[in-house]
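Participant: The structure file run-v1.csv (CSV, C-alpha atoms and all ligand atoms) is provided below.
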chain,number,residue,atom,x,y,z
A,1038,MET,CA,-75.8,-37.0,-13.2
A,1039,ALA,CA,-73.0,-35.3,-15.1
A,1040,GLU,CA,-73.8,-34.8,-18.8
A,1041,LYS,CA,-71.5,-36.5,-21.3
A,1042,LEU,CA,-69.2,-34.1,-23.0
A,1043,THR,CA,-69.9,-34.4,-26.7
A,1044,PRO,CA,-68.2,-32.5,-29.5
A,1045,GLU,CA,-71.5,-30.5,-29.8
A,1046,LYS,CA,-71.3,-29.6,-26.2
A,1047,ILE,CA,-67.7,-28.4,-26.5
A,1048,GLU,CA,-68.7,-26.4,-29.5
A,1049,GLU,CA,-71.7,-24.9,-27.7
A,1050,ALA,CA,-69.5,-23.9,-24.7
A,1051,ALA,CA,-67.0,-22.3,-27.1
A,1052,ARG,CA,-69.8,-20.4,-28.7
A,1053,HIS,CA,-71.2,-19.3,-25.4
A,1054,TYR,CA,-67.7,-18.0,-24.4
A,1055,GLU,CA,-67.4,-16.2,-27.6
A,1056,ASN,CA,-70.8,-14.6,-27.3
A,1057,ILE,CA,-70.1,-13.4,-23.8
A,1058,THR,CA,-66.7,-11.9,-24.6
A,1059,SER,CA,-67.9,-10.4,-27.9
A,1060,GLY,CA,-70.9,-8.7,-26.2
A,1061,LYS,CA,-73.5,-10.9,-28.0
A,1062,THR,CA,-76.2,-12.6,-26.0
A,1063,PRO,CA,-75.2,-15.9,-24.4
A,1064,ILE,CA,-77.0,-19.2,-25.1
A,1065,LEU,CA,-80.1,-18.4,-23.1
A,1066,ASP,CA,-81.4,-21.6,-21.6
A,1067,LYS,CA,-78.0,-22.9,-20.4
A,1068,GLU,CA,-76.9,-23.0,-16.8
A,1069,LYS,CA,-74.3,-20.4,-16.0
A,1070,GLY,CA,-71.0,-22.0,-15.5
A,1071,LEU,CA,-67.4,-21.0,-14.9
A,1072,LEU,CA,-67.7,-18.5,-17.7
A,1073,LYS,CA,-69.1,-15.9,-15.4
A,1074,GLU,CA,-65.7,-15.8,-13.6
A,1075,GLN,CA,-64.1,-14.5,-16.7
A,1076,GLN,CA,-65.8,-11.2,-16.0
A,1077,PRO,CA,-66.6,-10.5,-12.4
A,1078,ILE,CA,-68.9,-7.6,-11.9
A,1079,LEU,CA,-67.6,-7.1,-8.4
A,1080,ASP,CA,-64.6,-5.0,-9.4
A,1081,SER,CA,-63.0,-2.0,-7.8
A,1082,GLN,CA,-66.0,0.1,-8.7
A,1083,ALA,CA,-68.5,-2.1,-6.9
A,1084,LYS,CA,-68.5,-0.2,-3.6
A,1085,PRO,CA,-69.1,3.3,-5.0
A,1086,ILE,CA,-71.7,1.9,-7.4
A,1087,LYS,CA,-73.4,0.2,-4.5
A,1088,ASP,CA,-73.4,3.4,-2.5
A,1089,MET,CA,-74.9,5.3,-5.4
A,1090,HIS,CA,-77.5,2.7,-5.9
A,1091,GLU,CA,-78.4,2.9,-2.2
A,1092,GLN,CA,-78.6,6.6,-2.3
A,1093,LEU,CA,-80.9,6.6,-5.3
A,1094,THR,CA,-83.2,3.9,-4.0
A,1095,LYS,CA,-83.3,5.1,-0.4
A,1096,HIS,CA,-86.7,6.7,-0.9
A,1097,LEU,CA,-88.0,3.5,-2.3
A,1098,LYS,CA,-87.2,1.6,0.8
A,1099,LYS,CA,-89.9,3.2,2.8
A,1100,LYS,CA,-92.6,0.7,3.6
A,1101,ASP,CA,-95.1,0.5,0.8
A,1102,PRO,CA,-97.5,-2.4,0.9
A,1103,ASN,CA,-98.2,-2.2,-2.8
A,1104,SER,CA,-94.6,-2.6,-4.1
A,1105,TYR,CA,-91.3,-4.3,-3.3
A,1106,PRO,CA,-88.0,-2.5,-2.9
A,1107,LEU,CA,-85.2,-3.3,-5.3
A,1108,ILE,CA,-82.1,-5.2,-3.9
A,1109,PRO,CA,-78.6,-3.9,-4.8
A,1110,PRO,CA,-76.9,-5.3,-7.9
A,1111,THR,CA,-74.2,-7.0,-5.8
A,1112,ASP,CA,-76.8,-9.0,-3.8
A,1113,PRO,CA,-76.2,-12.8,-4.3
A,1114,ARG,CA,-80.0,-13.3,-4.7
A,1115,LEU,CA,-79.8,-11.5,-8.0
A,1116,LEU,CA,-76.8,-13.5,-9.2
A,1117,MET,CA,-78.2,-17.0,-8.7
A,1118,LYS,CA,-80.1,-19.3,-11.0
A,1119,ILE,CA,-83.7,-19.6,-9.7
A,1120,ALA,CA,-85.5,-22.9,-9.3
A,1121,PRO,CA,-88.7,-23.6,-11.2
A,1122,PHE,CA,-91.7,-21.9,-9.8
A,1123,THR,CA,-94.5,-23.8,-8.1
A,1124,ASP,CA,-97.6,-22.1,-6.5
A,1125,ASP,CA,-97.0,-23.4,-3.0
A,1126,MET,CA,-93.8,-21.3,-2.9
A,1127,LEU,CA,-96.0,-18.2,-2.4
A,1128,LYS,CA,-97.2,-19.2,1.1
A,1129,GLU,CA,-93.8,-18.7,2.6
A,1130,PHE,CA,-93.9,-15.1,1.5
A,1131,GLU,CA,-97.5,-14.6,2.6
A,1132,ILE,CA,-98.6,-14.0,-1.0
A,1133,LYS,CA,-102.1,-15.2,-1.8
A,1134,ASP,CA,-101.7,-16.2,-5.4
A,1135,ARG,CA,-100.0,-15.5,-8.7
A,1136,GLU,CA,-102.4,-12.6,-9.3
A,1137,GLU,CA,-101.4,-10.9,-6.1
A,1138,LEU,CA,-97.7,-11.3,-6.8
A,1139,SER,CA,-98.2,-10.1,-10.4
A,1140,LYS,CA,-100.0,-7.0,-9.3
A,1141,LYS,CA,-97.4,-6.1,-6.8
A,1142,MET,CA,-94.6,-6.8,-9.2
A,1143,TYR,CA,-96.3,-4.6,-11.8
A,1144,ASN,CA,-96.7,-1.8,-9.3
A,1145,SER,CA,-93.0,-2.0,-8.4
A,1146,MET,CA,-92.0,-2.0,-12.1
A,1147,VAL,CA,-94.1,1.1,-12.7
A,1148,LYS,CA,-92.8,2.8,-9.6
A,1149,TYR,CA,-89.2,2.5,-10.7
A,1150,GLY,CA,-90.1,3.5,-14.2
A,1151,GLY,CA,-89.1,0.2,-15.8
A,1152,ILE,CA,-90.6,-2.0,-18.6
A,1153,GLY,CA,-89.5,-5.3,-17.1
A,1154,LEU,CA,-88.9,-6.5,-13.6
A,1155,SER,CA,-87.8,-9.9,-12.4
A,1156,ALA,CA,-88.8,-11.3,-9.0
A,1157,ASN,CA,-85.2,-11.8,-8.0
A,1158,GLN,CA,-84.5,-8.1,-8.5
A,1159,VAL,CA,-86.7,-7.5,-5.5
A,1160,GLY,CA,-85.2,-10.4,-3.6
A,1161,LEU,CA,-88.0,-13.0,-4.3
A,1162,PRO,CA,-86.8,-16.4,-5.3
A,1163,PHE,CA,-89.5,-17.0,-8.0
A,1164,ARG,CA,-88.9,-17.9,-11.6
A,1165,MET,CA,-91.1,-15.1,-12.6
A,1166,PHE,CA,-91.0,-11.6,-14.2
A,1167,VAL,CA,-93.4,-8.9,-15.3
A,1168,MET,CA,-92.9,-7.0,-18.5
A,1169,GLY,CA,-94.6,-4.3,-20.7
A,1170,GLY,CA,-97.0,-1.6,-19.5
A,1171,HIS,CA,-95.4,1.0,-21.9
A,1172,PRO,CA,-98.0,2.7,-24.1
A,1173,GLN,CA,-95.7,2.6,-27.1
A,1174,ILE,CA,-95.0,-1.1,-26.8
A,1175,GLU,CA,-97.9,-3.3,-28.0
A,1176,GLU,CA,-100.3,-0.7,-26.7
A,1177,GLY,CA,-99.2,-1.2,-23.1
A,1178,LYS,CA,-99.7,-5.0,-23.0
A,1179,VAL,CA,-98.5,-6.5,-19.7
A,1180,ARG,CA,-97.2,-10.0,-19.5
A,1181,ASN,CA,-96.7,-11.9,-16.2
A,1182,CYS,CA,-94.4,-14.7,-17.0
A,1183,PHE,CA,-93.9,-17.7,-14.7
A,1184,ASN,CA,-91.3,-20.4,-15.6
A,1185,PRO,CA,-90.4,-18.7,-18.9
A,1186,ILE,CA,-88.6,-20.6,-21.7
A,1187,ILE,CA,-87.1,-19.4,-24.9
A,1188,LYS,CA,-87.9,-22.1,-27.4
A,1189,ASP,CA,-86.4,-20.6,-30.5
A,1190,LEU,CA,-84.7,-17.3,-31.5
A,1191,SER,CA,-83.8,-15.6,-34.8
A,1192,GLU,CA,-80.4,-15.7,-36.2
A,1193,GLU,CA,-80.7,-12.1,-37.1
A,1194,THR,CA,-79.7,-9.8,-34.3
A,1195,ILE,CA,-80.1,-6.2,-33.4
A,1196,ASN,CA,-77.8,-4.0,-31.4
A,1197,MET,CA,-79.6,-1.6,-29.0
A,1198,LYS,CA,-78.9,0.4,-25.9
A,1199,GLU,CA,-80.4,-1.3,-22.9
A,1200,GLY,CA,-80.8,-0.5,-19.2
A,1201,CYS,CA,-81.7,-2.5,-16.1
A,1202,LEU,CA,-83.6,-1.4,-13.0
A,1203,SER,CA,-80.9,-3.0,-10.8
A,1204,PHE,CA,-78.2,-0.8,-12.4
A,1205,PRO,CA,-79.6,2.8,-12.4
A,1206,PHE,CA,-78.2,5.1,-15.1
A,1207,LEU,CA,-76.1,2.3,-16.7
A,1208,PHE,CA,-76.8,1.9,-20.3
A,1209,LEU,CA,-75.1,-0.7,-22.5
A,1210,MET,CA,-75.3,-1.6,-26.2
A,1211,ILE,CA,-76.5,-5.2,-26.3
A,1212,ASN,CA,-76.7,-7.4,-29.4
A,1213,ARG,CA,-79.7,-9.7,-29.3
A,1214,PRO,CA,-81.8,-11.9,-31.5
A,1215,LYS,CA,-84.6,-9.9,-33.3
A,1216,TRP,CA,-87.4,-12.3,-32.4
A,1217,VAL,CA,-88.0,-15.1,-30.0
A,1218,ASN,CA,-90.5,-17.9,-29.6
A,1219,VAL,CA,-91.4,-18.2,-26.0
A,1220,GLN,CA,-93.4,-20.2,-23.5
A,1221,TYR,CA,-94.5,-19.4,-20.0
A,1222,THR,CA,-97.5,-19.7,-17.7
A,1223,ASP,CA,-99.4,-16.5,-16.9
A,1224,GLU,CA,-101.0,-15.1,-13.7
A,1225,LYS,CA,-103.9,-17.5,-14.1
A,1226,GLY,CA,-101.6,-20.5,-14.5
A,1227,GLU,CA,-102.4,-20.9,-18.2
A,1228,THR,CA,-99.7,-21.8,-20.6
A,1229,VAL,CA,-98.9,-19.2,-23.3
A,1230,GLU,CA,-96.8,-19.8,-26.3
A,1231,GLU,CA,-96.0,-16.9,-28.6
A,1232,TYR,CA,-93.6,-15.1,-30.9
A,1233,LEU,CA,-92.3,-11.8,-29.6
A,1234,HIS,CA,-90.8,-9.1,-31.8
A,1235,GLY,CA,-89.1,-5.8,-31.3
A,1236,MET,CA,-88.9,-4.4,-27.8
A,1237,SER,CA,-91.0,-7.2,-26.3
A,1238,ALA,CA,-88.5,-9.8,-27.6
A,1239,ARG,CA,-85.6,-7.8,-26.1
A,1240,ILE,CA,-87.3,-7.3,-22.7
A,1241,PHE,CA,-88.2,-11.0,-22.5
A,1242,GLN,CA,-84.6,-12.0,-23.2
A,1243,HIS,CA,-83.3,-9.6,-20.7
A,1244,GLU,CA,-85.7,-10.8,-17.9
A,1245,ASN,CA,-85.2,-14.4,-18.8
A,1246,GLU,CA,-81.4,-13.9,-18.2
A,1247,HIS,CA,-82.3,-12.7,-14.7
A,1248,MET,CA,-84.0,-16.1,-14.1
A,1249,ASN,CA,-80.6,-17.7,-14.6
A,1250,GLY,CA,-78.7,-15.2,-12.5
A,1251,TYR,CA,-77.3,-13.3,-15.4
A,1252,VAL,CA,-77.3,-9.6,-15.4
A,1253,PHE,CA,-76.8,-7.5,-18.6
A,1254,THR,CA,-73.3,-6.5,-17.5
A,1255,ASP,CA,-72.3,-10.1,-18.0
A,1256,LEU,CA,-73.0,-9.7,-21.7
A,1257,VAL,CA,-70.5,-7.1,-22.6
A,1258,SER,CA,-66.7,-7.0,-22.8
A,1259,LYS,CA,-64.8,-5.5,-19.8
A,1260,MET,CA,-63.9,-2.5,-21.9
A,1261,LYS,CA,-67.4,-1.8,-22.9
A,1262,LEU,CA,-68.5,-2.2,-19.3
A,1263,GLU,CA,-65.9,0.2,-18.0
A,1264,ARG,CA,-67.0,2.8,-20.6
A,1265,GLY,CA,-70.6,2.3,-19.6
A,1266,LYS,CA,-69.7,2.7,-15.9
A,1267,LYS,CA,-67.9,6.0,-16.5
A,1268,ALA,CA,-70.9,7.4,-18.3
A,1269,GLN,CA,-73.1,6.1,-15.5
A,1270,ALA,CA,-71.0,7.8,-12.8
A,1271,LYS,CA,-71.3,11.0,-14.8
A,1272,LEU,CA,-75.0,10.7,-15.1
A,1273,ILE,CA,-75.5,10.0,-11.4
A,1274,LYS,CA,-73.3,13.0,-10.5
A,1275,GLN,CA,-75.3,15.2,-12.8
A,1276,THR,CA,-78.6,13.9,-11.3
A,1277,ILE,CA,-77.4,14.4,-7.7
A,1278,ARG,CA,-76.2,17.9,-8.6
A,1279,ALA,CA,-79.5,18.8,-10.2
A,1280,GLN,CA,-81.3,17.5,-7.1
A,1281,GLN,CA,-79.2,19.6,-4.8
A,1282,GLN,CA,-79.8,22.6,-7.0
A,1283,ARG,CA,-83.5,22.0,-6.8
A,1284,LEU,CA,-83.2,21.7,-3.0
A,1285,ARG,CA,-81.3,25.0,-2.8
A,1286,ASN,CA,-83.8,26.7,-5.0
A,1287,ASP,CA,-86.6,25.4,-2.8
A,1288,VAL,CA,-84.9,26.7,0.4
A,1289,LYS,CA,-84.3,30.1,-1.4
A,1290,ALA,CA,-88.0,30.3,-2.4
A,1291,LYS,CA,-89.1,29.5,1.1
A,1292,THR,CA,-86.7,32.1,2.6
A,1293,LEU,CA,-87.9,34.8,0.2
A,1294,LYS,CA,-91.5,34.1,1.1
A,1295,VAL,CA,-90.8,34.7,4.9
A,1301,ZN,ZN,-82.6,-6.2,-15.6
As a first step, turn the structure in this file into structure tokens.
Facilitator:
Amino acid sequence: MAEKLTPEKIEEAARHYENITSGKTPILDKEKGLLKEQQPILDSQAKPIKDMHEQLTKHLKKKDPNSYPLIPPTDPRLLMKIAPFTDDMLKEFEIKDREELSKKMYNSMVKYGGIGLSANQVGLPFRMFVMGGHPQIEEGKVRNCFNPIIKDLSEETINMKEGCLSFPFLFLMINRPKWVNVQYTDEKGETVEEYLHGMSARIFQHENEHMNGYVFTDLVSKMKLERGKKAQAKLIKQTIRAQQQRLRNDVKAKTLKV
């Protein structure tokens, strides 16, 4: 049933639009609407970025029973709102239980060097993400969050550089609420409600956006995104050049040994 359009709703939509265009975080628990069309991520750079992404993640595509490969940032599975998670969904993917999924998700996150990973980043349609595991964030605490909700957030915000495993080498300044009050069920199916601060609050918000099909490039202005992409292309070129140099050195070393 369509919701009645009240003055509050109009105001909320306007705020949402303002947040997206200003680079602030959008209202988090709302469905993504037409606003996304204001800033399509599939621009002229999508193809080269996709190629670079594939090149960088090629080695991760090798079959590894303990982790999942990342899907490209242009994959529609990453850009759709995910339905609520129920345990019987796991069967279809031959996953025994929440713990098995959580473990494999954690392994994948560690393998790619991230501090948060959503199931839809690896092509799984589960409203679930894993976060943490970094020794300097809450002593390495890991959270497996199923059906996450943000119940409350601080008015005070903080601007910080942020990355995303689906967009290698892309870093964007994102303004986010400082703390959040969250709720989710864990790998045992138990409900957890807690306040998160600092990096944990930021990661939870970032991953929670993935649940609704948002990616962090949606949260910044077109100009900011273009600037970020230029820096990303530079970083990727540098990395590839360094890799090639290492390869050449390896060949040289081997030749000298013969
Ligand atoms: Zn991400």
Participant: Given the choices A:Ala1270, A:Leu1161, A:Ile1187, A:Met1210, which gets closest to Thr1254 (chain A) if the distance is worked out from only C-alpha atoms?
Facilitator: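 Once distances to Thr1254 (chain A) are computed over only C-alpha atoms, the minimum belongs to A:Met1210.
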Participant: Name each residue within 8 Å of ligand ZN 1301 (chain A), counting only C-alpha atoms and all ligand atoms, as a PyMOL selection string.
Facilitator: chain A and resi 1153-1155+1158+1200-1204+1243-1244+1247+1252-1253
Participant: Expressed in Å to a single decimal, how great is the separation between CA of Met1236 (chain A) and CA of Val1167 (chain A)?
Facilitator: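 CA of Val1167 (chain A) lies at a distance of 14.0 Å from CA of Met1236 (chain A).
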Participant: Counting all atoms listed in the file, note down every residue that has an atom within 12 Å of the point (-92.6, -18.6, -25.9) (file coordinates), as a PyMOL selection string.
Facilitator: chain A and resi 1180+1182-1190+1216-1223+1228-1234+1237-1238+1241-1242+1245
Participant: Go ahead and dump the residues you just picked, C-alpha atoms, as a CSV table (one decimal), keeping the file's coordinate frame.
Facilitator:
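What follows is the written file again13.csv:
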chain,number,residue,atom,x,y,z
A,1180,ARG,CA,-97.2,-10.0,-19.5
A,1182,CYS,CA,-94.4,-14.7,-17.0
A,1183,PHE,CA,-93.9,-17.7,-14.7
A,1184,ASN,CA,-91.3,-20.4,-15.6
A,1185,PRO,CA,-90.4,-18.7,-18.9
A,1186,ILE,CA,-88.6,-20.6,-21.7
A,1187,ILE,CA,-87.1,-19.4,-24.9
A,1188,LYS,CA,-87.9,-22.1,-27.4
A,1189,ASP,CA,-86.4,-20.6,-30.5
A,1190,LEU,CA,-84.7,-17.3,-31.5
A,1216,TRP,CA,-87.4,-12.3,-32.4
A,1217,VAL,CA,-88.0,-15.1,-30.0
A,1218,ASN,CA,-90.5,-17.9,-29.6
A,1219,VAL,CA,-91.4,-18.2,-26.0
A,1220,GLN,CA,-93.4,-20.2,-23.5
A,1221,TYR,CA,-94.5,-19.4,-20.0
A,1222,THR,CA,-97.5,-19.7,-17.7
A,1223,ASP,CA,-99.4,-16.5,-16.9
A,1228,THR,CA,-99.7,-21.8,-20.6
A,1229,VAL,CA,-98.9,-19.2,-23.3
A,1230,GLU,CA,-96.8,-19.8,-26.3
A,1231,GLU,CA,-96.0,-16.9,-28.6
A,1232,TYR,CA,-93.6,-15.1,-30.9
A,1233,LEU,CA,-92.3,-11.8,-29.6
A,1234,HIS,CA,-90.8,-9.1,-31.8
A,1237,SER,CA,-91.0,-7.2,-26.3
A,1238,ALA,CA,-88.5,-9.8,-27.6
A,1241,PHE,CA,-88.2,-11.0,-22.5
A,1242,GLN,CA,-84.6,-12.0,-23.2
A,1245,ASN,CA,-85.2,-14.4,-18.8
Participant: Separation of CA of Arg1135 (chain A) and CA of Asn1103 (chain A), in Å?
Facilitator: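 Here the two named atoms are 14.7 Å from each other.
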Participant: Just give me the gap between CA of Leu1116 (chain A) and CA of Pro1205 (chain A) in Å, one decimal is fine.
Facilitator: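 A separation of 16.8 Å between them.
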Participant: I need the residue nearest Asp1125 (chain A) from this list: A:Leu1256, A:Lys1274, A:Glu1176, A:Phe1163. Use all atoms listed in the file for the distance.
Facilitator: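 Smallest distance to Asp1125 (chain A) is found for A:Phe1163.
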Participant: Set the distance at 9 Å and use all atoms listed in the file: which residues neighbour Ala1268 (chain A) once local chain neighbours fewer than 3 positions away are removed? I'd like the list as a ChimeraX atom specification.
Facilitator: /A:1206-1208,1263-1265,1271-1273
Participant: Given the choices A:Lys1261, A:Arg1285, A:Lys1225, A:Lys1266, which gets closest to Glu1136 (chain A) if the distance is worked out from all atoms listed in the file?
Facilitator: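 Distance minimum relative to Glu1136 (chain A) lands on A:Lys1225.
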Participant: Using all atoms listed in the file, which residue out of A:Lys1128, A:Arg1213, A:Asn1181, A:Glu1193 lies closest to Glu1227 (chain A)?
Facilitator: A:Asn1181
Participant: Could you give me, as a PyMOL selection string, the residues within 10 Å of Ile1195 (chain A), counting all atoms listed in the file and dropping anything in the same chain fewer than 6 positions from it?
Facilitator: chain A and resi 1061+1210-1216+1235+1239
Participant: Could you write out that same residue set with C-alpha atoms as an mmCIF file, in the frame of the given file?
Facilitator:
data_model
loop_
_atom_site.group_PDB
_atom_site.id
_atom_site.type_symbol
_atom_site.label_atom_id
_atom_site.label_comp_id
_atom_site.auth_asym_id
_atom_site.auth_seq_id
_atom_site.Cartn_x
_atom_site.Cartn_y
_atom_site.Cartn_z
ATOM 1 C CA LYS A 1061 -73.500 -10.900 -28.000
ATOM 2 C CA MET A 1210 -75.300 -1.600 -26.200
ATOM 3 C CA ILE A 1211 -76.500 -5.200 -26.300
ATOM 4 C CA ASN A 1212 -76.700 -7.400 -29.400
ATOM 5 C CA ARG A 1213 -79.700 -9.700 -29.300
ATOM 6 C CA PRO A 1214 -81.800 -11.900 -31.500
ATOM 7 C CA LYS A 1215 -84.600 -9.900 -33.300
ATOM 8 C CA TRP A 1216 -87.400 -12.300 -32.400
ATOM 9 C CA GLY A 1235 -89.100 -5.800 -31.300
ATOM 10 C CA ARG A 1239 -85.600 -7.800 -26.100
#
Participant: Using only C-alpha atoms for the distances, tell me which of A:Asn1157, A:Gln1275, A:Gln1281, A:Thr1292 is nearest to Ile1119 (chain A).
Facilitator: A:Asn1157
Participant: Just want the 8 Å neighbourhood of Gly1160 (chain A), counted on all atoms listed in the file, with same-chain residues fewer than 3 positions away dropped. Output as a PyMOL selection string.
Facilitator: chain A and resi 1107-1108+1114-1115+1156-1157
Participant: Name the residues in contact with Tyr1105 (chain A) at a cut-off of 12 Å, using all atoms listed in the file, excluding same-chain residues fewer than 3 positions from it; report them as a CSV table (one decimal) with C-alpha atoms, in the coordinates of the input.
Facilitator:
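Contents of result_30.csv, freshly written:
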chain,number,residue,atom,x,y,z
A,1094,THR,CA,-83.2,3.9,-4.0
A,1097,LEU,CA,-88.0,3.5,-2.3
A,1098,LYS,CA,-87.2,1.6,0.8
A,1099,LYS,CA,-89.9,3.2,2.8
A,1100,LYS,CA,-92.6,0.7,3.6
A,1101,ASP,CA,-95.1,0.5,0.8
A,1102,PRO,CA,-97.5,-2.4,0.9
A,1108,ILE,CA,-82.1,-5.2,-3.9
A,1138,LEU,CA,-97.7,-11.3,-6.8
A,1139,SER,CA,-98.2,-10.1,-10.4
A,1140,LYS,CA,-100.0,-7.0,-9.3
A,1141,LYS,CA,-97.4,-6.1,-6.8
A,1142,MET,CA,-94.6,-6.8,-9.2
A,1143,TYR,CA,-96.3,-4.6,-11.8
A,1144,ASN,CA,-96.7,-1.8,-9.3
A,1145,SER,CA,-93.0,-2.0,-8.4
A,1146,MET,CA,-92.0,-2.0,-12.1
A,1147,VAL,CA,-94.1,1.1,-12.7
A,1148,LYS,CA,-92.8,2.8,-9.6
A,1149,TYR,CA,-89.2,2.5,-10.7
A,1154,LEU,CA,-88.9,-6.5,-13.6
A,1155,SER,CA,-87.8,-9.9,-12.4
A,1156,ALA,CA,-88.8,-11.3,-9.0
A,1157,ASN,CA,-85.2,-11.8,-8.0
A,1158,GLN,CA,-84.5,-8.1,-8.5
A,1159,VAL,CA,-86.7,-7.5,-5.5
A,1160,GLY,CA,-85.2,-10.4,-3.6
A,1161,LEU,CA,-88.0,-13.0,-4.3
Participant: Tell me which of A:Ile1240, A:Met1197, A:Glu1246, A:Lys1289 sits closest to His1171 (chain A), counting all atoms listed in the file.
Facilitator: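 Once distances to His1171 (chain A) are computed over all atoms listed in the file, the minimum belongs to A:Ile1240.
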